[in-house]
Amino acid sequence: MDFKLTVLPGDGIGPEVMAEGLKVLNAVAKKYKHSFEYQYGLIGGCCIDKEGVALSPETLAMCKKSDAVLLAAVGDPRFDDPKLPVHPEDGLLALRRGLGIRKATDSMTYSEKEIERIVRVGFELARSRKKKLVSVDKANVLLSSRLWRQIVIEIAKDYPDVTVEHILVDACAMKLILAPTYFDVIVTENMFGDILTDEASMLAGSMGMLPSASLAGIPAKGTKTFGLYEPIHGSAPTIAKQNIANPIATILSIAMMLRYSCGLETEAAEIEAAVDKVLAAGYATIDIFKEGNTRLGTAEMGSQIAKIIGG
């Protein structure tokens with residue numbers, strides 16, 4: 001099958017981890033006879049340097065014409081001054097807004113339609129996994145959370161096969177540490193999700209381990225949807241170009257892309273299995289290194305995972 005992807009390496013360690021992600025994706029393409037056409041664009045600090053904006057209209061247009069978008073990281077300490085007219089993170093917000101895959105404001109304003117869209121994504125994911133969904137809110141304090149819970153309760157009627165539980169965000173944060181295996185699929189709004197994902201990354205040992213996806217539609221079983229795929233970590237400029245960043249989050253983001261935007265479940269599962277095998281064999285980048293492990297650099301970790309896929 002043929003796919004057109006927009007690749008946005010971004011800032012800091014972004015180009016390094018993206019290179020390893022594409023190395024693994026190319027191994028999948030070779031094994032399963034797929035064709036991935038890569039279109040490269042700038043976003044974040046590197047885009048400000050060259051074009052004066054964090055995301056150009058031309059790059060956004062290119063993203064919209066793709067089957068999916070792969071993003072590594074944005075962020076550059078040179079632009080931390082809040083008085084500057086443009087910041088690298090503006091590019092990410094503009095990208096999500098332009099692709100219609102996330103809406104949020106500082107006032108936590110959510111429309112019923114937007115809540116319903118993401119909640120249905122949660123239910124569909126739960127239906128395809130263990131049929132258990134935890135909805136996280138702060139309905140005891142926030143009006144927006146009361147609306148959120150009301151909509152979740154209504155939508156739950158369409159998914160009688162999925163067990164849904166409502167948990168307040170502070171209680172969820174506690175239980176995520178106390179009993180992480182209690183959870184399977186969690187659905188929540190942007191700010192709570194941003195905090196909980198960073199917390200959850202420590203359960204896996206590092207922020208370099210967790211992928212993420214912003215989806216434009218509901219990935220019901222057997223269907224495809226447009227998505228923006230990225231690791232949850234930032235640009236980590238202090239370790240850029242040292243061959244020590246963990247590329248696994250980017251590689252697993254590519255697995256999510258294959259599953260949800262390309263409809264390639266077998267290929268996605270193979271990448272995930274390859275990552276598991278490499279970790280089980282004791283290979284580790286510095287962020288997850290423990291006594292007895294074999295330490296690998298960014299490029300070596302990507303090569304090891306690609307090697308398993310290639311046989």
# chains A, B, ... in the order shown; residues from 1 in each chain; ligands from 1
call {"tool": "select_by_dssp", "arguments": {"residues": "range 185-214 of chain A", "states": "alpha helix (DSSP H)", "output": "list in words"}}
result
Asn190, Met191, Phe192, Gly193, Asp194, Ile195, Leu196, Thr197, Asp198, Glu199, Ala200, Ser201, Met202 and Leu203 of chain A
call {"tool": "residues_around", "arguments": {"residues": "Leu252 in chain A", "least_positions_apart": "5", "cutoff": "10 Å", "atoms": "only C-alpha atoms", "output": "short mmCIF file (atom, residue, chain, number, x, y, z; two decimals) with N, CA, C and O atoms, in the first residue's frame"}}
result
data_model
loop_
_atom_site.label_atom_id
_atom_site.label_comp_id
_atom_site.auth_asym_id
_atom_site.auth_seq_id
_atom_site.Cartn_x
_atom_site.Cartn_y
_atom_site.Cartn_z
N GLY A 21 12.90 6.74 14.11
CA GLY A 21 11.53 6.32 13.84
C GLY A 21 11.36 5.93 12.39
O GLY A 21 10.75 4.90 12.05
N VAL A 24 12.90 2.55 11.50
CA VAL A 24 12.02 1.43 11.82
C VAL A 24 10.89 1.34 10.80
O VAL A 24 10.52 0.25 10.34
N MET A 209 9.56 7.11 26.50
CA MET A 209 8.94 5.81 26.21
C MET A 209 7.52 5.90 25.67
O MET A 209 7.01 4.93 25.11
N LEU A 210 6.86 7.05 25.83
CA LEU A 210 5.42 7.09 25.53
C LEU A 210 5.10 7.84 24.24
O LEU A 210 5.53 8.98 24.04
N PRO A 211 4.29 7.22 23.37
CA PRO A 211 3.83 7.86 22.13
C PRO A 211 2.54 8.62 22.37
O PRO A 211 1.94 8.51 23.45
N SER A 212 2.10 9.38 21.38
CA SER A 212 0.80 10.02 21.47
C SER A 212 0.24 10.25 20.07
O SER A 212 0.97 10.22 19.08
N TYR A 229 0.93 12.47 14.90
CA TYR A 229 1.58 11.52 15.80
C TYR A 229 2.91 12.08 16.30
O TYR A 229 3.72 12.55 15.50
N GLU A 230 3.11 12.01 17.61
CA GLU A 230 4.30 12.60 18.21
C GLU A 230 4.60 11.95 19.55
O GLU A 230 3.70 11.48 20.23
N PRO A 231 5.88 11.92 19.95
CA PRO A 231 6.20 11.47 21.30
C PRO A 231 5.73 12.52 22.30
O PRO A 231 5.55 13.68 21.94
N PRO A 247 14.68 7.07 21.39
CA PRO A 247 13.79 7.20 20.23
C PRO A 247 12.53 6.34 20.32
O PRO A 247 11.72 6.34 19.40
N MET A 257 0.48 5.39 14.24
CA MET A 257 0.13 5.89 12.93
C MET A 257 -0.26 4.76 11.98
O MET A 257 -1.26 4.84 11.25
N LEU A 258 0.53 3.69 12.00
CA LEU A 258 0.22 2.55 11.15
C LEU A 258 -1.15 1.96 11.49
O LEU A 258 -1.91 1.56 10.62
N ALA A 268 1.78 -2.53 12.89
CA ALA A 268 1.87 -1.78 14.15
C ALA A 268 2.25 -2.70 15.30
O ALA A 268 3.13 -2.38 16.11
N ALA A 269 1.59 -3.84 15.37
CA ALA A 269 1.87 -4.80 16.44
C ALA A 269 3.30 -5.33 16.35
O ALA A 269 3.94 -5.60 17.37
N ILE A 271 5.97 -3.65 15.30
CA ILE A 271 6.86 -2.63 15.87
C ILE A 271 6.81 -2.69 17.40
O ILE A 271 7.85 -2.67 18.08
N GLU A 272 5.62 -2.77 17.95
CA GLU A 272 5.48 -2.82 19.41
C GLU A 272 6.16 -4.06 19.99
O GLU A 272 6.81 -4.00 21.04
N VAL A 275 9.96 -3.56 19.97
CA VAL A 275 10.38 -2.73 21.10
C VAL A 275 10.42 -3.55 22.38
O VAL A 275 11.39 -3.48 23.16
#
call {"tool": "closest_atom_pairs", "arguments": {"of": "range 100-151 of chain A", "to": "range 176-190 of chain A", "cutoff": "9 Å", "atoms": "only C-alpha atoms", "output": "Markdown table"}}
result
| residue | atom | partner | partner_atom | distance |
| --- | --- | --- | --- | --- |
| A:Arg102 | CA | A:Asn190 | CA | 8.3 |
| A:Lys103 | CA | A:Asn190 | CA | 8.6 |
| A:Ala104 | CA | A:Asn190 | CA | 7.1 |
| A:Met108 | CA | A:Asn190 | CA | 8.8 |
| A:Tyr110 | CA | A:Glu189 | CA | 8.9 |
| A:Ile115 | CA | A:Glu189 | CA | 8.0 |
| A:Ile118 | CA | A:Val187 | CA | 7.6 |
| A:Val119 | CA | A:Val187 | CA | 6.5 |
| A:Val121 | CA | A:Val187 | CA | 8.4 |
| A:Gly122 | CA | A:Val187 | CA | 5.6 |
| A:Phe123 | CA | A:Val185 | CA | 8.4 |
| A:Leu125 | CA | A:Val185 | CA | 7.1 |
| A:Ala126 | CA | A:Val185 | CA | 5.8 |
| A:Arg129 | CA | A:Asp184 | CA | 8.0 |
| A:Lys130 | CA | A:Asp184 | CA | 7.1 |
| A:Lys131 | CA | A:Val185 | CA | 8.6 |
| A:Lys132 | CA | A:Asp184 | CA | 6.6 |
| A:Leu133 | CA | A:Val185 | CA | 5.2 |
| A:Val134 | CA | A:Ile186 | CA | 4.8 |
| A:Ser135 | CA | A:Val187 | CA | 5.0 |
| A:Val136 | CA | A:Thr188 | CA | 5.1 |
| A:Asp137 | CA | A:Thr188 | CA | 6.5 |
| A:Ser145 | CA | A:Glu189 | CA | 8.7 |
| A:Trp148 | CA | A:Glu189 | CA | 8.5 |
call {"tool": "residues_around", "arguments": {"residues": "range 78-94 of chain A", "least_positions_apart": "3", "cutoff": "8 Å", "atoms": "only C-alpha atoms", "output": "PDB file with N, CA and C atoms, in the first residue's frame"}}
result
ATOM      1  N   ILE A  43       8.893  23.261  11.610  1.00  0.00           N
ATOM      2  CA  ILE A  43       7.963  23.698  12.650  1.00  0.00           C
ATOM      3  C   ILE A  43       8.773  24.067  13.882  1.00  0.00           C
ATOM      4  N   GLY A  44       8.318  25.059  14.638  1.00  0.00           N
ATOM      5  CA  GLY A  44       8.986  25.431  15.866  1.00  0.00           C
ATOM      6  C   GLY A  44      10.102  26.433  15.671  1.00  0.00           C
ATOM      7  N   GLY A  45      11.134  26.329  16.508  1.00  0.00           N
ATOM      8  CA  GLY A  45      12.237  27.279  16.465  1.00  0.00           C
ATOM      9  C   GLY A  45      12.976  27.299  15.147  1.00  0.00           C
ATOM     10  N   ILE A  48      11.016  29.381  12.789  1.00  0.00           N
ATOM     11  CA  ILE A  48      11.136  30.811  13.087  1.00  0.00           C
ATOM     12  C   ILE A  48      12.443  31.346  12.516  1.00  0.00           C
ATOM     13  N   VAL A  53       8.117  32.498  11.166  1.00  0.00           N
ATOM     14  CA  VAL A  53       6.890  32.017  11.805  1.00  0.00           C
ATOM     15  C   VAL A  53       7.155  30.609  12.339  1.00  0.00           C
ATOM     16  N   ALA A  54       6.317  30.166  13.298  1.00  0.00           N
ATOM     17  CA  ALA A  54       6.520  28.836  13.872  1.00  0.00           C
ATOM     18  C   ALA A  54       5.945  27.728  13.001  1.00  0.00           C
ATOM     19  N   LEU A  55       5.049  28.088  12.105  1.00  0.00           N
ATOM     20  CA  LEU A  55       4.473  27.135  11.143  1.00  0.00           C
ATOM     21  C   LEU A  55       3.977  27.925   9.952  1.00  0.00           C
ATOM     22  N   VAL A  74       8.969  20.287  19.460  1.00  0.00           N
ATOM     23  CA  VAL A  74       9.177  21.720  19.264  1.00  0.00           C
ATOM     24  C   VAL A  74       9.597  22.333  20.583  1.00  0.00           C
ATOM     25  N   GLY A  75      10.414  23.376  20.510  1.00  0.00           N
ATOM     26  CA  GLY A  75      10.861  24.064  21.710  1.00  0.00           C
ATOM     27  C   GLY A  75      12.324  24.453  21.610  1.00  0.00           C
ATOM     28  N   ARG A  97      -4.759  23.271  15.540  1.00  0.00           N
ATOM     29  CA  ARG A  97      -5.937  24.055  15.192  1.00  0.00           C
ATOM     30  C   ARG A  97      -6.243  23.931  13.701  1.00  0.00           C
ATOM     31  N   GLY A  98      -5.207  24.005  12.884  1.00  0.00           N
ATOM     32  CA  GLY A  98      -5.384  23.943  11.443  1.00  0.00           C
ATOM     33  C   GLY A  98      -5.863  22.596  10.955  1.00  0.00           C
TER      34      GLY A  98
END
call {"tool": "residues_around", "arguments": {"residues": "range 1-13 of chain A", "least_positions_apart": "3", "cutoff": "9 Å", "atoms": "only C-alpha atoms", "output": "VMD selection string"}}
result
chain A and resid 16 to 19 32 to 47 59 62 to 76 88 234 to 243 245 262
call {"tool": "residues_around", "arguments": {"residues": "Gly292 in chain A", "least_positions_apart": "2", "cutoff": "8 Å", "atoms": "only C-alpha atoms", "output": "NGL selection string"}}
result
:A and (282 or 290 or 294)
call {"tool": "write_last_selection", "arguments": {"atoms": "C-alpha atoms", "output": "mmCIF file, in the first residue's frame"}}
result
data_model
loop_
_atom_site.group_PDB
_atom_site.id
_atom_site.type_symbol
_atom_site.label_atom_id
_atom_site.label_comp_id
_atom_site.auth_asym_id
_atom_site.auth_seq_id
_atom_site.Cartn_x
_atom_site.Cartn_y
_atom_site.Cartn_z
ATOM 1 C CA GLY A 282 18.370 -5.643 28.316
ATOM 2 C CA LYS A 290 19.891 0.082 34.974
ATOM 3 C CA THR A 294 23.497 -2.896 27.634
#
call {"tool": "atom_distance", "arguments": {"atom1": "CA of Cys172 in chain A", "atom2": "CA of Thr197 in chain A"}}
result
11.5 Å
call {"tool": "atom_distance", "arguments": {"atom1": "CA of Thr298 in chain A", "atom2": "CA of Ile254 in chain A"}}
result
16.1 Å
call {"tool": "residues_around", "arguments": {"residues": "Phe226 in chain A", "least_positions_apart": "4", "cutoff": "8 Å", "atoms": "only C-alpha atoms", "output": "number ranges by chain"}}
result
A: 67-68, 215-217, 260-261
call {"tool": "closest_residue", "arguments": {"among": "A:Val164, A:Ala200, A:Ile101, A:Val169", "to": "Ala213 in chain A", "atoms": "only C-alpha atoms"}}
result
A:Ile101
call {"tool": "atom_distance", "arguments": {"atom1": "CA of Val162 in chain A", "atom2": "CA of Gly205 in chain A"}}
result
29.9 Å
call {"tool": "closest_residue", "arguments": {"among": "A:Ala173, A:Ile153, A:Ala274, A:Ile286", "to": "Ile305 in chain A", "atoms": "only C-alpha atoms"}}
result
A:Ala274
call {"tool": "closest_residue", "arguments": {"among": "A:Met301, A:Ile308, A:Val28, A:Ala139", "to": "Ile167 in chain A", "atoms": "only C-alpha atoms"}}
result
A:Ala139
call {"tool": "select_by_dssp", "arguments": {"residues": "range 104-308 of chain A", "states": "strand (DSSP E or B)", "output": "list in words"}}
result
Lys132, Leu133, Val134, Ser135, Val136, Asp137, Thr163, Val164, Glu165, His166, Ile167, Leu168, Val185, Ile186, Val187, Pro211, Ser212, Ala213, Ser214, Leu215, Gly227, Leu228, Tyr229, Glu230, Pro231, Tyr283, Ala284, Thr294 and Arg295 of chain A
call {"tool": "decode", "arguments": {"residues": "range 236-272 of chain A", "atoms": "N, CA, C and O atoms", "output": "tab-separated table (two decimals), in the first residue's frame"}}
result
chain	number	residue	atom	x	y	z
A	236	ALA	N	14.12	18.81	24.38
A	236	ALA	CA	15.31	18.49	25.19
A	236	ALA	C	16.60	19.04	24.57
A	236	ALA	O	17.52	18.28	24.28
A	237	PRO	N	16.70	20.35	24.38
A	237	PRO	CA	17.86	20.91	23.68
A	237	PRO	C	19.19	20.65	24.35
A	237	PRO	O	20.23	20.64	23.68
A	238	THR	N	19.19	20.42	25.67
A	238	THR	CA	20.47	20.21	26.36
A	238	THR	C	21.14	18.89	26.01
A	238	THR	O	22.34	18.71	26.27
A	239	ILE	N	20.38	17.94	25.43
A	239	ILE	CA	20.99	16.67	25.05
A	239	ILE	C	20.96	16.44	23.54
A	239	ILE	O	21.24	15.35	23.07
A	240	ALA	N	20.60	17.49	22.80
A	240	ALA	CA	20.53	17.35	21.34
A	240	ALA	C	21.91	17.08	20.75
A	240	ALA	O	22.93	17.54	21.26
A	241	LYS	N	21.92	16.29	19.68
A	241	LYS	CA	23.14	15.97	18.90
A	241	LYS	C	24.20	15.25	19.71
A	241	LYS	O	25.38	15.29	19.38
A	242	GLN	N	23.78	14.53	20.75
A	242	GLN	CA	24.72	13.75	21.56
A	242	GLN	C	24.50	12.25	21.43
A	242	GLN	O	25.19	11.46	22.08
A	243	ASN	N	23.53	11.85	20.63
A	243	ASN	CA	23.22	10.44	20.42
A	243	ASN	C	22.86	9.72	21.72
A	243	ASN	O	23.24	8.58	21.96
A	244	ILE	N	22.11	10.41	22.58
A	244	ILE	CA	21.70	9.78	23.84
A	244	ILE	C	20.19	9.81	24.06
A	244	ILE	O	19.68	9.19	25.00
A	245	ALA	N	19.45	10.52	23.21
A	245	ALA	CA	17.99	10.60	23.38
A	245	ALA	C	17.34	9.24	23.10
A	245	ALA	O	17.81	8.47	22.26
A	246	ASN	N	16.27	8.97	23.80
A	246	ASN	CA	15.52	7.72	23.62
A	246	ASN	C	14.54	7.87	22.46
A	246	ASN	O	13.63	8.70	22.52
A	247	PRO	N	14.68	7.07	21.39
A	247	PRO	CA	13.79	7.20	20.23
A	247	PRO	C	12.53	6.34	20.32
A	247	PRO	O	11.72	6.34	19.40
A	248	ILE	N	12.35	5.60	21.42
A	248	ILE	CA	11.25	4.63	21.48
A	248	ILE	C	9.88	5.30	21.42
A	248	ILE	O	8.96	4.79	20.78
A	249	ALA	N	9.72	6.45	22.07
A	249	ALA	CA	8.42	7.14	22.01
A	249	ALA	C	8.06	7.50	20.58
A	249	ALA	O	6.89	7.39	20.17
A	250	THR	N	9.04	7.94	19.81
A	250	THR	CA	8.78	8.27	18.40
A	250	THR	C	8.47	7.01	17.60
A	250	THR	O	7.55	6.99	16.77
A	251	ILE	N	9.20	5.94	17.87
A	251	ILE	CA	8.97	4.68	17.16
A	251	ILE	C	7.58	4.13	17.47
A	251	ILE	O	6.86	3.67	16.57
A	252	LEU	N	7.16	4.22	18.72
A	252	LEU	CA	5.82	3.75	19.08
A	252	LEU	C	4.73	4.68	18.55
A	252	LEU	O	3.60	4.24	18.28
A	253	SER	N	5.05	5.97	18.36
A	253	SER	CA	4.10	6.87	17.72
A	253	SER	C	3.87	6.45	16.27
A	253	SER	O	2.75	6.54	15.75
A	254	ILE	N	4.92	5.99	15.63
A	254	ILE	CA	4.80	5.49	14.26
A	254	ILE	C	3.94	4.23	14.24
A	254	ILE	O	3.13	4.03	13.31
A	255	ALA	N	4.06	3.39	15.26
A	255	ALA	CA	3.18	2.22	15.35
A	255	ALA	C	1.72	2.64	15.44
A	255	ALA	O	0.84	2.04	14.80
A	256	MET	N	1.45	3.68	16.23
A	256	MET	CA	0.08	4.20	16.32
A	256	MET	C	-0.40	4.72	14.98
A	256	MET	O	-1.56	4.53	14.58
A	257	MET	N	0.48	5.39	14.24
A	257	MET	CA	0.13	5.89	12.93
A	257	MET	C	-0.26	4.76	11.98
A	257	MET	O	-1.26	4.84	11.25
A	258	LEU	N	0.53	3.69	12.00
A	258	LEU	CA	0.22	2.55	11.15
A	258	LEU	C	-1.15	1.96	11.49
A	258	LEU	O	-1.91	1.56	10.62
A	259	ARG	N	-1.47	1.92	12.79
A	259	ARG	CA	-2.73	1.32	13.22
A	259	ARG	C	-3.93	2.20	12.87
A	259	ARG	O	-4.93	1.72	12.32
A	260	TYR	N	-3.85	3.49	13.18
A	260	TYR	CA	-5.03	4.34	13.09
A	260	TYR	C	-5.18	5.09	11.77
A	260	TYR	O	-6.30	5.34	11.33
A	261	SER	N	-4.07	5.50	11.15
A	261	SER	CA	-4.18	6.25	9.89
A	261	SER	C	-3.92	5.41	8.66
A	261	SER	O	-4.32	5.79	7.56
A	262	CYS	N	-3.24	4.28	8.83
A	262	CYS	CA	-2.92	3.42	7.69
A	262	CYS	C	-3.69	2.11	7.69
A	262	CYS	O	-3.70	1.40	6.68
A	263	GLY	N	-4.33	1.78	8.80
A	263	GLY	CA	-5.10	0.54	8.87
A	263	GLY	C	-4.22	-0.70	8.84
A	263	GLY	O	-4.67	-1.77	8.42
A	264	LEU	N	-2.98	-0.58	9.32
A	264	LEU	CA	-2.01	-1.69	9.27
A	264	LEU	C	-1.77	-2.22	10.68
A	264	LEU	O	-0.76	-1.96	11.31
A	265	GLU	N	-2.71	-2.99	11.18
A	265	GLU	CA	-2.64	-3.51	12.55
A	265	GLU	C	-1.47	-4.46	12.74
A	265	GLU	O	-0.76	-4.39	13.75
A	266	THR	N	-1.26	-5.36	11.79
A	266	THR	CA	-0.18	-6.34	11.91
A	266	THR	C	1.18	-5.65	12.00
A	266	THR	O	2.03	-6.00	12.83
A	267	GLU	N	1.38	-4.66	11.13
A	267	GLU	CA	2.65	-3.94	11.11
A	267	GLU	C	2.86	-3.15	12.40
A	267	GLU	O	3.97	-3.08	12.94
A	268	ALA	N	1.78	-2.53	12.89
A	268	ALA	CA	1.87	-1.78	14.15
A	268	ALA	C	2.25	-2.70	15.30
A	268	ALA	O	3.13	-2.38	16.11
A	269	ALA	N	1.59	-3.84	15.37
A	269	ALA	CA	1.87	-4.80	16.44
A	269	ALA	C	3.30	-5.33	16.35
A	269	ALA	O	3.94	-5.60	17.37
A	270	GLU	N	3.83	-5.44	15.14
A	270	GLU	CA	5.20	-5.93	14.99
A	270	GLU	C	6.21	-4.93	15.54
A	270	GLU	O	7.20	-5.31	16.17
A	271	ILE	N	5.97	-3.65	15.30
A	271	ILE	CA	6.86	-2.63	15.87
A	271	ILE	C	6.81	-2.69	17.40
A	271	ILE	O	7.85	-2.67	18.08
A	272	GLU	N	5.62	-2.77	17.95
A	272	GLU	CA	5.48	-2.82	19.41
A	272	GLU	C	6.16	-4.06	19.99
A	272	GLU	O	6.81	-4.00	21.04
